[in-house]
file structure.csv (CSV, C-alpha atoms)
chain,number,residue,atom,x,y,z
A,52,MET,CA,0.0,0.0,0.0
A,53,ILE,CA,1.3,3.4,-0.9
A,54,PRO,CA,0.9,6.1,1.7
A,55,ASP,CA,-1.1,9.1,0.8
A,56,LEU,CA,0.7,12.2,-0.6
A,57,THR,CA,-0.2,14.0,2.6
A,58,ASN,CA,1.9,11.5,4.6
A,59,PRO,CA,5.0,13.3,5.9
A,60,LEU,CA,7.3,10.5,4.9
A,61,TRP,CA,7.6,11.8,1.3
A,62,ARG,CA,8.9,15.2,2.4
A,63,ASP,CA,11.0,13.7,5.2
A,64,ALA,CA,12.7,11.4,2.7
A,65,LEU,CA,13.7,14.4,0.6
A,66,LYS,CA,15.0,16.4,3.5
A,67,SER,CA,17.1,13.6,4.7
A,68,SER,CA,20.6,12.6,3.3
A,69,SER,CA,20.6,9.0,4.5
A,70,ALA,CA,21.4,6.1,2.3
A,71,LEU,CA,18.5,3.9,1.2
A,72,ALA,CA,19.6,0.5,2.4
A,73,GLY,CA,18.1,-2.3,0.3
A,74,ALA,CA,16.5,0.0,-2.3
A,75,SER,CA,17.0,-0.6,-6.0
A,76,LEU,CA,19.3,1.5,-8.1
A,77,ALA,CA,16.3,3.2,-9.7
A,78,THR,CA,14.8,4.3,-6.4
A,79,ARG,CA,18.1,5.6,-5.1
A,80,MET,CA,18.6,7.6,-8.2
A,81,VAL,CA,15.1,9.1,-8.1
A,82,VAL,CA,15.4,10.0,-4.4
A,83,ALA,CA,18.9,11.4,-4.8
A,84,ARG,CA,17.9,13.5,-7.8
A,85,LEU,CA,14.9,14.9,-6.0
A,86,ARG,CA,17.0,15.6,-2.8
A,87,VAL,CA,19.4,17.7,-4.9
A,88,ARG,CA,16.5,19.6,-6.4
A,89,VAL,CA,15.1,20.4,-3.0
A,90,SER,CA,18.5,21.3,-1.6
A,91,ASN,CA,19.1,23.7,-4.5
A,92,ASP,CA,15.6,25.2,-4.2
A,93,PRO,CA,13.6,24.4,-1.0
A,94,GLY,CA,10.5,25.8,-2.6
A,95,GLN,CA,10.5,22.7,-4.8
A,96,LEU,CA,9.8,20.4,-1.8
A,97,ALA,CA,6.0,20.0,-2.5
A,98,ASP,CA,6.5,19.2,-6.2
A,99,ALA,CA,9.4,16.9,-5.5
A,100,ALA,CA,7.4,15.0,-2.8
A,101,ARG,CA,4.6,14.6,-5.4
A,102,GLU,CA,7.0,13.3,-7.9
A,103,LEU,CA,8.4,10.8,-5.4
A,104,HIS,CA,4.9,9.6,-4.6
A,105,ASP,CA,4.0,9.3,-8.2
A,106,TYR,CA,7.2,7.3,-8.9
A,107,PHE,CA,5.9,4.6,-6.6
A,108,VAL,CA,2.4,4.8,-8.0
A,109,GLY,CA,3.7,4.2,-11.5
A,110,ASN,CA,6.2,1.5,-10.4
A,111,ARG,CA,4.5,-1.1,-8.4
A,112,ASN,CA,7.6,-3.3,-8.2
A,113,ALA,CA,9.2,-0.6,-6.1
A,114,VAL,CA,6.4,-0.3,-3.5
A,115,GLY,CA,8.2,-2.6,-1.1
A,116,GLU,CA,11.1,-0.1,-1.0
A,117,ILE,CA,9.0,2.6,0.5
A,118,ALA,CA,10.0,1.2,3.9
A,119,ALA,CA,13.6,2.2,3.0
A,120,LEU,CA,12.7,5.9,2.8
B,14,MET,CA,20.1,-14.4,-22.4
B,15,LYS,CA,23.7,-15.1,-23.3
B,16,THR,CA,26.6,-13.1,-24.6
B,17,GLU,CA,29.1,-14.5,-27.2
B,18,LEU,CA,31.9,-13.2,-29.3
B,19,LEU,CA,31.0,-14.3,-32.8
B,20,SER,CA,32.2,-13.8,-36.3
B,21,PRO,CA,29.8,-11.7,-38.4
B,22,ALA,CA,28.8,-14.8,-40.2
B,23,GLN,CA,27.9,-16.6,-36.9
B,24,ALA,CA,26.0,-13.5,-35.7
B,25,ALA,CA,24.1,-13.4,-39.0
B,26,GLU,CA,22.9,-17.0,-38.4
B,27,HIS,CA,21.3,-15.9,-35.2
B,28,ILE,CA,19.7,-12.9,-36.8
B,29,ARG,CA,18.4,-15.0,-39.7
B,30,ALA,CA,17.0,-17.4,-37.1
B,31,GLY,CA,15.0,-14.5,-35.7
B,32,ILE,CA,16.8,-14.2,-32.3
B,33,PRO,CA,16.8,-10.6,-31.0
B,34,LEU,CA,20.3,-9.4,-30.2
B,35,ILE,CA,22.4,-6.5,-29.2
B,36,ALA,CA,25.7,-6.3,-31.2
B,37,ALA,CA,28.9,-4.5,-30.3
B,38,GLY,CA,31.7,-4.4,-32.9
B,39,SER,CA,33.7,-2.4,-35.4
B,40,GLU,CA,31.7,-0.5,-38.0
B,41,ALA,CA,33.1,-2.8,-40.6
B,42,ALA,CA,31.9,-5.9,-38.7
B,43,LEU,CA,28.5,-4.5,-38.0
B,44,ARG,CA,28.0,-3.5,-41.6
B,45,GLN,CA,28.3,-7.2,-42.5
B,46,LEU,CA,25.2,-8.1,-40.4
B,47,PRO,CA,22.0,-8.7,-42.3
B,48,PRO,CA,18.8,-6.8,-41.6
B,49,GLY,CA,16.8,-8.3,-38.7
B,50,ASN,CA,15.9,-7.9,-35.1
B,51,TRP,CA,19.0,-6.3,-33.7
B,52,ILE,CA,20.6,-3.1,-32.7
B,53,GLY,CA,24.3,-2.4,-32.6
B,54,GLY,CA,26.9,0.1,-31.6
B,55,THR,CA,30.5,0.5,-32.5
B,56,SER,CA,33.0,-0.9,-30.0
B,57,HIS,CA,36.5,-2.2,-30.4
B,58,TYR,CA,37.4,-3.3,-26.8
B,59,PHE,CA,35.8,-6.2,-25.0
B,60,LEU,CA,35.9,-8.1,-21.8
B,61,THR,CA,35.6,-11.7,-22.7
B,62,GLU,CA,35.9,-14.9,-20.7
B,63,GLU,CA,39.4,-15.2,-22.1
B,64,GLY,CA,40.3,-11.7,-20.9
B,65,GLY,CA,40.2,-8.1,-22.1
B,66,ARG,CA,40.9,-7.7,-25.8
B,67,ARG,CA,40.7,-5.4,-28.8
B,68,ASP,CA,38.9,-7.0,-31.7
B,69,ASP,CA,38.0,-5.3,-34.9
B,70,ARG,CA,36.7,-8.4,-36.8
B,71,ASN,CA,34.2,-10.0,-34.5
B,72,VAL,CA,31.0,-8.9,-32.8
B,73,LEU,CA,30.0,-9.4,-29.2
B,74,CYS,CA,26.4,-10.4,-29.3
B,75,THR,CA,23.9,-10.6,-26.4
B,76,LEU,CA,21.1,-12.9,-27.5
B,77,PHE,CA,17.6,-12.2,-26.0
B,78,ASP,CA,16.5,-15.7,-26.8
B,79,MET,CA,13.8,-15.6,-24.0
B,80,ALA,CA,12.2,-12.4,-25.3
B,81,GLU,CA,8.5,-12.8,-26.0
B,82,GLU,CA,8.4,-9.8,-28.3
B,83,THR,CA,10.7,-6.9,-29.2
B,84,ARG,CA,10.2,-3.4,-30.6
B,85,LEU,CA,13.1,-1.6,-32.3
B,86,ARG,CA,13.2,2.2,-32.6
B,87,PHE,CA,15.5,4.8,-33.9
B,88,LEU,CA,15.1,8.0,-32.0
B,89,PRO,CA,16.4,11.3,-33.3
B,90,THR,CA,18.0,13.4,-30.6
B,91,ALA,CA,15.0,15.7,-30.3
B,92,GLU,CA,12.7,12.7,-29.6
B,93,LEU,CA,14.8,11.2,-26.8
B,94,PRO,CA,12.4,12.4,-24.1
B,95,ASP,CA,9.9,10.0,-25.6
B,96,LEU,CA,12.1,7.0,-25.1
B,97,ALA,CA,9.7,5.4,-22.6
B,98,VAL,CA,7.0,5.3,-25.2
B,99,GLY,CA,6.5,1.9,-26.6
B,100,ARG,CA,7.8,-0.1,-23.7
B,101,PHE,CA,6.2,-3.4,-22.8
B,102,PRO,CA,4.7,-3.8,-19.3
B,103,GLY,CA,7.1,-5.6,-17.1
B,104,GLY,CA,9.8,-5.5,-19.7
B,105,LEU,CA,13.1,-3.7,-20.2
B,106,SER,CA,14.8,-1.5,-22.8
B,107,VAL,CA,18.3,-1.4,-24.2
B,108,ILE,CA,19.6,1.9,-25.6
B,109,LEU,CA,22.7,2.7,-27.6
B,110,ILE,CA,24.0,6.2,-28.3
B,111,PRO,CA,27.1,7.3,-30.2
B,112,ALA,CA,29.8,9.1,-28.2
B,113,PHE,CA,30.4,12.8,-28.7
B,114,SER,CA,27.1,13.2,-30.5
B,115,PRO,CA,24.4,15.7,-29.7
B,116,ALA,CA,22.3,12.8,-28.5
B,117,HIS,CA,25.0,11.9,-26.0
B,118,THR,CA,24.9,15.4,-24.5
B,119,GLU,CA,21.2,15.6,-24.5
B,120,PHE,CA,20.7,12.2,-22.8
B,121,ALA,CA,23.4,13.0,-20.2
B,122,LEU,CA,21.9,16.3,-19.3
B,123,GLY,CA,18.2,15.8,-19.8
B,124,GLY,CA,17.8,12.0,-19.4
B,125,PRO,CA,17.1,11.9,-15.7
B,126,GLY,CA,14.1,14.2,-16.3
B,127,TYR,CA,12.5,12.2,-19.1
B,128,PRO,CA,9.0,11.0,-18.3
B,129,GLY,CA,8.9,7.5,-16.8
B,130,LEU,CA,12.6,7.0,-17.1
B,131,PHE,CA,13.0,5.2,-13.8
B,132,ASP,CA,9.8,3.2,-14.0
B,133,GLN,CA,11.4,0.3,-16.0
B,134,PRO,CA,15.0,-0.9,-16.4
B,135,LEU,CA,16.9,1.0,-19.1
B,136,MET,CA,20.3,-0.4,-19.8
B,137,GLY,CA,22.8,0.5,-22.5
B,138,TRP,CA,26.0,2.1,-23.5
B,139,ILE,CA,27.7,4.8,-25.5
B,140,SER,CA,29.4,3.5,-28.7
B,141,GLY,CA,33.0,4.4,-29.4
B,142,VAL,CA,35.9,4.2,-31.8
B,143,PRO,CA,39.5,2.9,-31.6
B,144,LEU,CA,41.3,5.2,-29.2
B,145,GLU,CA,43.7,6.3,-31.9
B,146,ASP,CA,40.8,7.4,-34.1
B,147,ILE,CA,39.0,9.7,-31.6
B,148,GLY,CA,38.3,12.9,-33.5
B,149,LYS,CA,39.0,11.2,-36.9
B,150,ILE,CA,36.0,9.0,-37.3
B,151,THR,CA,32.6,9.1,-35.6
B,152,PRO,CA,31.1,6.4,-33.3
B,153,LYS,CA,27.9,4.8,-34.8
B,154,VAL,CA,24.8,3.0,-33.7
B,155,PHE,CA,22.9,0.7,-36.0
B,156,ASP,CA,19.2,0.0,-36.5
B,157,GLY,CA,19.2,-3.6,-37.5
B,158,THR,CA,15.8,-3.5,-39.1
B,159,THR,CA,17.4,-1.6,-42.0
B,160,GLY,CA,21.1,-2.0,-41.3
B,161,GLU,CA,21.3,1.8,-41.3
B,162,ALA,CA,24.1,3.5,-39.2
B,163,PHE,CA,23.7,6.7,-37.4
B,164,GLU,CA,26.2,9.0,-35.8
B,165,ASP,CA,23.6,10.9,-33.8
B,166,GLY,CA,20.3,9.8,-32.1
B,167,ALA,CA,19.7,6.6,-30.3
B,168,VAL,CA,18.6,3.1,-31.1
B,169,LEU,CA,16.4,1.3,-28.7
B,170,MET,CA,15.2,-2.2,-28.2
B,171,HIS,CA,12.2,-2.6,-26.0
B,172,VAL,CA,11.9,-6.2,-24.8
B,173,ALA,CA,8.8,-8.1,-23.6
B,174,LEU,CA,9.6,-10.8,-21.1
B,175,PRO,CA,7.9,-14.0,-19.9
B,176,ALA,CA,5.8,-13.5,-16.8
B,177,ASP,CA,8.3,-15.4,-14.7
B,178,ARG,CA,11.2,-13.1,-15.4
B,179,ARG,CA,11.9,-9.8,-13.7
B,180,PRO,CA,14.7,-7.6,-15.1
B,181,GLU,CA,17.1,-6.3,-12.5
B,182,ILE,CA,19.7,-3.6,-13.3
B,183,ASP,CA,22.6,-2.8,-11.0
B,184,ILE,CA,26.1,-1.3,-11.1
B,185,VAL,CA,29.5,-2.4,-9.9
B,186,ASN,CA,31.6,0.5,-8.9
B,187,LEU,CA,35.1,-0.2,-7.7
B,188,PHE,CA,35.5,3.3,-6.3
B,189,SER,CA,34.6,4.8,-3.0
B,190,GLN,CA,34.7,8.4,-1.8
B,191,ASP,CA,37.9,9.9,-0.3
B,192,SER,CA,36.8,11.5,3.0
B,193,ASP,CA,39.5,14.3,2.7
B,194,PRO,CA,37.5,17.5,2.5
B,195,ALA,CA,40.2,19.0,0.3
B,196,ARG,CA,39.2,16.5,-2.3
B,197,SER,CA,35.5,17.2,-2.1
B,198,PHE,CA,33.9,19.4,-4.8
B,199,ARG,CA,30.6,21.1,-5.4
B,200,PHE,CA,29.6,22.8,-8.7
B,201,SER,CA,27.4,25.7,-9.2
B,202,GLU,CA,26.2,24.6,-12.7
B,203,THR,CA,25.3,21.3,-14.3
B,204,GLY,CA,27.4,20.5,-17.3
B,205,PHE,CA,30.2,18.6,-19.1
B,206,SER,CA,32.8,21.1,-18.0
B,207,ALA,CA,33.6,23.4,-15.2
B,208,ARG,CA,36.0,26.2,-14.5
B,209,THR,CA,35.4,26.6,-10.8
B,210,ALA,CA,34.2,24.5,-7.9
B,211,THR,CA,33.6,25.0,-4.2
B,212,VAL,CA,36.2,23.2,-2.0
B,213,GLU,CA,36.0,23.5,1.8
B,214,GLY,CA,33.7,26.5,1.4
B,215,ARG,CA,35.7,28.5,-1.0
B,216,GLU,CA,35.6,28.8,-4.7
B,217,VAL,CA,38.7,27.5,-6.5
B,218,ALA,CA,39.9,27.6,-10.1
B,219,LEU,CA,39.4,23.9,-10.7
B,220,ALA,CA,42.1,23.2,-13.3
B,221,ASP,CA,44.7,25.0,-11.2
B,222,TYR,CA,43.5,23.3,-8.0
B,223,ILE,CA,43.7,19.8,-9.6
B,224,ILE,CA,47.2,20.5,-10.9
B,225,THR,CA,48.7,22.1,-7.8
B,226,GLN,CA,47.2,19.5,-5.5
B,227,GLY,CA,48.6,16.8,-7.7
B,228,LEU,CA,45.2,15.0,-7.9
B,229,ASP,CA,45.1,11.8,-10.0
B,230,THR,CA,42.6,12.4,-12.7
B,231,ARG,CA,42.4,8.7,-13.5
B,232,LEU,CA,40.3,8.5,-10.4
B,233,PRO,CA,36.7,9.6,-10.9
B,234,LEU,CA,34.7,12.1,-8.8
B,235,VAL,CA,32.2,10.0,-6.8
B,236,ALA,CA,28.8,11.2,-5.7
B,237,ASP,CA,26.6,9.4,-3.2
B,238,TYR,CA,23.2,8.9,-4.7
B,239,ALA,CA,21.3,7.7,-1.6
B,240,GLY,CA,23.8,5.0,-1.2
B,241,ALA,CA,24.6,4.3,-4.8
B,242,MET,CA,28.1,5.6,-5.8
B,243,ILE,CA,27.9,7.4,-9.1
B,244,ASN,CA,31.1,8.4,-10.9
B,245,VAL,CA,32.0,11.3,-13.1
B,246,SER,CA,35.4,11.0,-14.9
B,247,VAL,CA,37.7,13.7,-15.9
B,248,ARG,CA,38.3,13.8,-19.6
B,249,THR,CA,40.8,16.7,-20.1
B,250,ILE,CA,42.2,19.7,-18.3
B,251,ASP,CA,42.6,22.7,-20.5
B,252,GLU,CA,45.2,24.7,-18.7
B,253,ALA,CA,45.0,27.6,-21.1
B,254,SER,CA,41.3,28.2,-20.6
B,255,GLY,CA,41.1,26.8,-17.1
B,256,GLU,CA,38.3,24.5,-18.1
B,257,VAL,CA,38.1,20.9,-16.9
B,258,HIS,CA,36.1,18.6,-19.1
B,259,PHE,CA,34.2,15.5,-18.0
B,260,TYR,CA,32.9,12.4,-19.6
B,261,ALA,CA,29.5,12.9,-17.9
B,262,PRO,CA,28.0,16.0,-16.5
B,263,VAL,CA,28.6,17.2,-13.0
B,264,VAL,CA,25.3,18.2,-11.4
B,265,ALA,CA,24.9,21.5,-9.6
B,266,GLY,CA,24.4,21.0,-5.8
B,267,VAL,CA,25.8,17.5,-5.7
B,268,ASP,CA,28.8,16.8,-3.5
B,269,TYR,CA,31.5,15.0,-5.4
B,270,CYS,CA,34.6,13.4,-3.7
B,271,LEU,CA,37.6,12.2,-5.5
B,272,ALA,CA,37.8,8.5,-5.4
B,273,ARG,CA,40.2,6.6,-3.1
B,274,PRO,CA,43.0,5.0,-5.1
B,275,ILE,CA,42.5,1.3,-5.7
B,276,GLY,CA,45.4,-1.2,-5.8
B,277,ASP,CA,45.1,-4.2,-8.1
B,278,TYR,CA,42.2,-3.4,-10.4
B,279,THR,CA,41.7,-7.0,-11.5
B,280,ARG,CA,41.6,-8.3,-8.0
B,281,GLU,CA,39.3,-5.6,-6.9
B,282,PHE,CA,37.0,-6.2,-9.8
B,283,LEU,CA,36.8,-9.9,-9.2
B,284,ALA,CA,36.0,-9.2,-5.5
B,285,ARG,CA,33.2,-6.8,-6.3
B,286,ALA,CA,31.7,-8.4,-9.4
B,287,SER,CA,30.7,-11.5,-7.5
B,288,GLY,CA,28.2,-13.9,-8.7
B,289,ASP,CA,27.7,-15.5,-12.1
B,290,GLY,CA,27.8,-13.1,-15.0
B,291,THR,CA,26.9,-15.7,-17.4
B,292,GLY,CA,23.5,-15.0,-18.7
B,293,GLN,CA,23.7,-11.3,-17.9
B,294,LEU,CA,24.0,-8.3,-20.2
B,295,SER,CA,26.9,-6.1,-19.0
B,296,CYS,CA,29.2,-3.4,-20.1
B,297,ASN,CA,32.2,-1.8,-18.5
B,298,CYS,CA,33.9,1.5,-19.0
B,299,ILE,CA,36.8,2.0,-21.5
B,300,LEU,CA,38.5,4.0,-18.7
B,301,ASN,CA,38.5,0.9,-16.4
B,302,TYR,CA,39.8,-1.1,-19.3
B,303,LEU,CA,42.7,1.4,-19.9
B,304,TYR,CA,43.5,2.5,-16.3
B,305,GLY,CA,43.1,-1.1,-15.0
B,306,ALA,CA,45.3,-2.4,-17.9
B,307,LEU,CA,42.6,-5.1,-18.5
B,308,GLU,CA,43.9,-6.1,-21.9
B,309,GLY,CA,44.8,-9.8,-21.5
B,310,GLN,CA,43.4,-9.9,-18.0
B,311,LYS,CA,40.6,-12.2,-17.0
B,312,THR,CA,37.8,-10.5,-15.1
B,313,GLY,CA,35.5,-13.4,-14.6
B,314,SER,CA,32.2,-14.2,-16.2
B,315,PHE,CA,30.9,-10.7,-16.7
B,316,THR,CA,31.5,-10.1,-20.3
B,317,GLY,CA,30.7,-7.2,-22.5
B,318,PRO,CA,32.0,-4.2,-24.4
B,319,ALA,CA,34.3,-1.7,-22.9
B,320,THR,CA,32.3,1.4,-23.7
B,321,PHE,CA,32.6,5.2,-23.9
B,322,GLY,CA,29.9,5.5,-21.2
B,323,GLU,CA,27.5,3.2,-19.5
B,324,ILE,CA,23.8,3.6,-19.1
B,325,ALA,CA,21.8,2.4,-16.1
B,326,TYR,CA,18.8,4.7,-16.4
B,327,MET,CA,21.2,7.6,-16.7
B,328,LEU,CA,24.7,8.1,-18.1
B,329,LEU,CA,27.5,6.7,-15.9
B,330,ASN,CA,31.3,6.6,-16.0
B,331,GLN,CA,34.0,4.2,-14.9
B,332,THR,CA,31.3,1.7,-13.9
B,333,MET,CA,30.2,-1.7,-14.8
B,334,VAL,CA,26.5,-2.0,-15.5
B,335,LYS,CA,24.8,-5.4,-15.5
B,336,LEU,CA,21.3,-6.5,-16.3
B,337,ASP,CA,19.9,-9.8,-15.0
B,338,LEU,CA,16.7,-11.5,-15.8
B,339,ALA,CA,15.9,-13.1,-12.5
B,340,GLN,CA,13.2,-15.6,-11.9
B,341,ALA,CA,10.3,-13.5,-10.7
B,342,GLU,CA,9.9,-15.4,-7.4
B,343,SER,CA,13.5,-15.1,-6.4
B,344,ALA,CA,13.5,-11.4,-7.4
B,345,ALA,CA,10.5,-10.8,-5.2
B,346,VAL,CA,12.3,-12.4,-2.2
B,347,ALA,CA,15.5,-10.4,-2.9
call {"tool": "encode", "arguments": {"input": "structure.csv", "output": "structure tokens"}}
result
Amino acid sequence: MIPDLTNPLWRDALKSSSALAGASLATRMVVARLRVRVSNDPGQLADAARELHDYFVGNRNAVGEIAAL
Amino acid sequence: MKTELLSPAQAAEHIRAGIPLIAAGSEAALRQLPPGNWIGGTSHYFLTEEGGRRDDRNVLCTLFDMAEETRLRFLPTAELPDLAVGRFPGGLSVILIPAFSPAHTEFALGGPGYPGLFDQPLMGWISGVPLEDIGKITPKVFDGTTGEAFEDGAVLMHVALPADRRPEIDIVNLFSQDSDPARSFRFSETGFSARTATVEGREVALADYIITQGLDTRLPLVADYAGAMINVSVRTIDEASGEVHFYAPVVAGVDYCLARPIGDYTREFLARASGDGTGQLSCNCILNYLYGALEGQKTGSFTGPATFGEIAYMLLNQTMVKLDLAQAESAAVA
């Protein structure tokens, strides 16, 4: 099950700099890219969180990796 | 899926038998292949089970003999953002792009933002030329359906897989970050070159800094992508202009650290590239081939071309990329 976009985990994941243990290469790249975007422009946080959420919606094989966020 | 070094005649037999394949070889060798269900890219250096070798006559072919269906596309550079269009559900895609082309630049800079890029495995490589011919002849990619060669754009093979197979893409990076803050760089702009960088909070003239610090530019700059180590390799330092050129773009706001030196490359590679590479599609970087002196060295069962750039969703450097088609059950457990 994919947490709702209002769940703080999406924003928290993008404000963190921690490694995503056990996550796939694709998920790590997506998260890292969005973290950089937010770091360069904090005003992008909401859009980036939505993009992260949508990545899991469109990539059901990665849903199990949400726990790594 | 299996990878074999074949004569053009042997590869042609597989093509005529209808087996989808990815071919790496010299332009002359690839031009000998008949029209069919294949894509190819120029490459002259290979990692084979017998060791690293240059080969201008044969073609290294990866056979997708388990593919249920394939779809081949040539994409002009302007259409690269549409590369996810036409994929098969649960499948994978292989992409080949010629080095030093506008497509190479466009994919490197814009690729991570393409719609759906990370939703399905995308593996591939950047085609090259013999090292002595850089700047004299152009790398090519081939659309096997017509046999036509291109020096810009990309060729793609979308692959549909049986339900019990799940594609898994991963990288093997021999390098780790040096923790010395004097070897940590941040860039203000994204691009294939930079004149300045921020080191320990102050802006430095990058070329001068690299030279005066005596940094080994055979070592890549390594960025930590949420635990995945992603390299950017130095291509040249132009002392006159003060510009440092890279083989892949540095990204603004990302912290890069020079890699720690590694000792015996072959030993390190064998230690990290554990597992059975037989049955996987892989490619390794020409810089690893050169700096690691891999010609004649055996590097285990992971075979493939030594390329001018590796693609695992996005452009990488000095990295081995591997694609496995795991049984769906075991993949789910892993």
call {"tool": "interface_residues", "arguments": {"input": "structure.csv", "of": "chain A", "to": "chain B", "cutoff": "6 Å", "atoms": "all atoms listed in the file", "output": "ChimeraX atom specification"}}
result
/A:70-71,77,79-80,83,110
call {"tool": "closest_residue", "arguments": {"input": "structure.csv", "among": "B:Glu164, B:Glu216, B:Glu81, B:Glu119", "to": "Phe101 (chain B)", "atoms": "all atoms listed in the file"}}
result
B:Glu81
call {"tool": "closest_residue", "arguments": {"input": "structure.csv", "among": "A:Ala74, A:Leu120, A:Phe107, A:Lys66", "to": "Ser90 (chain A)", "atoms": "all atoms listed in the file"}}
result
A:Lys66
call {"tool": "atom_distance", "arguments": {"input": "structure.csv", "atom1": "CA of Leu43 (chain B)", "atom2": "CA of Ser106 (chain B)"}}
result
20.7 Å
call {"tool": "closest_residue", "arguments": {"input": "structure.csv", "among": "B:Gly65, B:Gly124, B:Gly137, B:Pro143", "to": "His171 (chain B)", "atoms": "only C-alpha atoms"}}
result
B:Gly137
call {"tool": "closest_residue", "arguments": {"input": "structure.csv", "among": "A:Gly73, A:Arg88, A:Asp98, A:His104", "to": "Trp61 (chain A)", "atoms": "only C-alpha atoms"}}
result
A:His104
call {"tool": "residues_around", "arguments": {"input": "structure.csv", "residues": "Leu109 (chain B)", "least_positions_apart": "6", "cutoff": "6 Å", "atoms": "only C-alpha atoms", "output": "PDB file with C-alpha atoms, in the frame of the given file"}}
result
ATOM      1  CA  GLY B 137      22.800   0.500 -22.500  1.00  0.00           C
ATOM      2  CA  TRP B 138      26.000   2.100 -23.500  1.00  0.00           C
ATOM      3  CA  ILE B 139      27.700   4.800 -25.500  1.00  0.00           C
ATOM      4  CA  ALA B 167      19.700   6.600 -30.300  1.00  0.00           C
ATOM      5  CA  VAL B 168      18.600   3.100 -31.100  1.00  0.00           C
TER       6      VAL B 168
END
call {"tool": "residues_around", "arguments": {"input": "structure.csv", "residues": "Pro33 (chain B)", "least_positions_apart": "3", "cutoff": "10 Å", "atoms": "all atoms listed in the file", "output": "VMD selection string"}}
result
chain B and resid 14 27 to 30 36 49 to 52 74 to 85 157 170 172
call {"tool": "closest_residue", "arguments": {"input": "structure.csv", "among": "A:Ile117, A:Ser68, A:Ser75, A:Met52", "to": "Leu103 (chain A)", "atoms": "all atoms listed in the file"}}
result
A:Ile117
call {"tool": "atom_distance", "arguments": {"input": "structure.csv", "atom1": "CA of Gly276 (chain B)", "atom2": "CA of Glu252 (chain B)"}}
result
28.9 Å
call {"tool": "atom_distance", "arguments": {"input": "structure.csv", "atom1": "CA of Ala319 (chain B)", "atom2": "CA of Leu60 (chain B)"}}
result
6.7 Å
call {"tool": "residues_around", "arguments": {"input": "structure.csv", "residues": "Glu323 (chain B)", "least_positions_apart": "4", "cutoff": "10 Å", "atoms": "all atoms listed in the file", "output": "VMD selection string"}}
result
chain B and resid 109 to 110 136 to 140 184 295 to 299 318 to 319 327 to 335
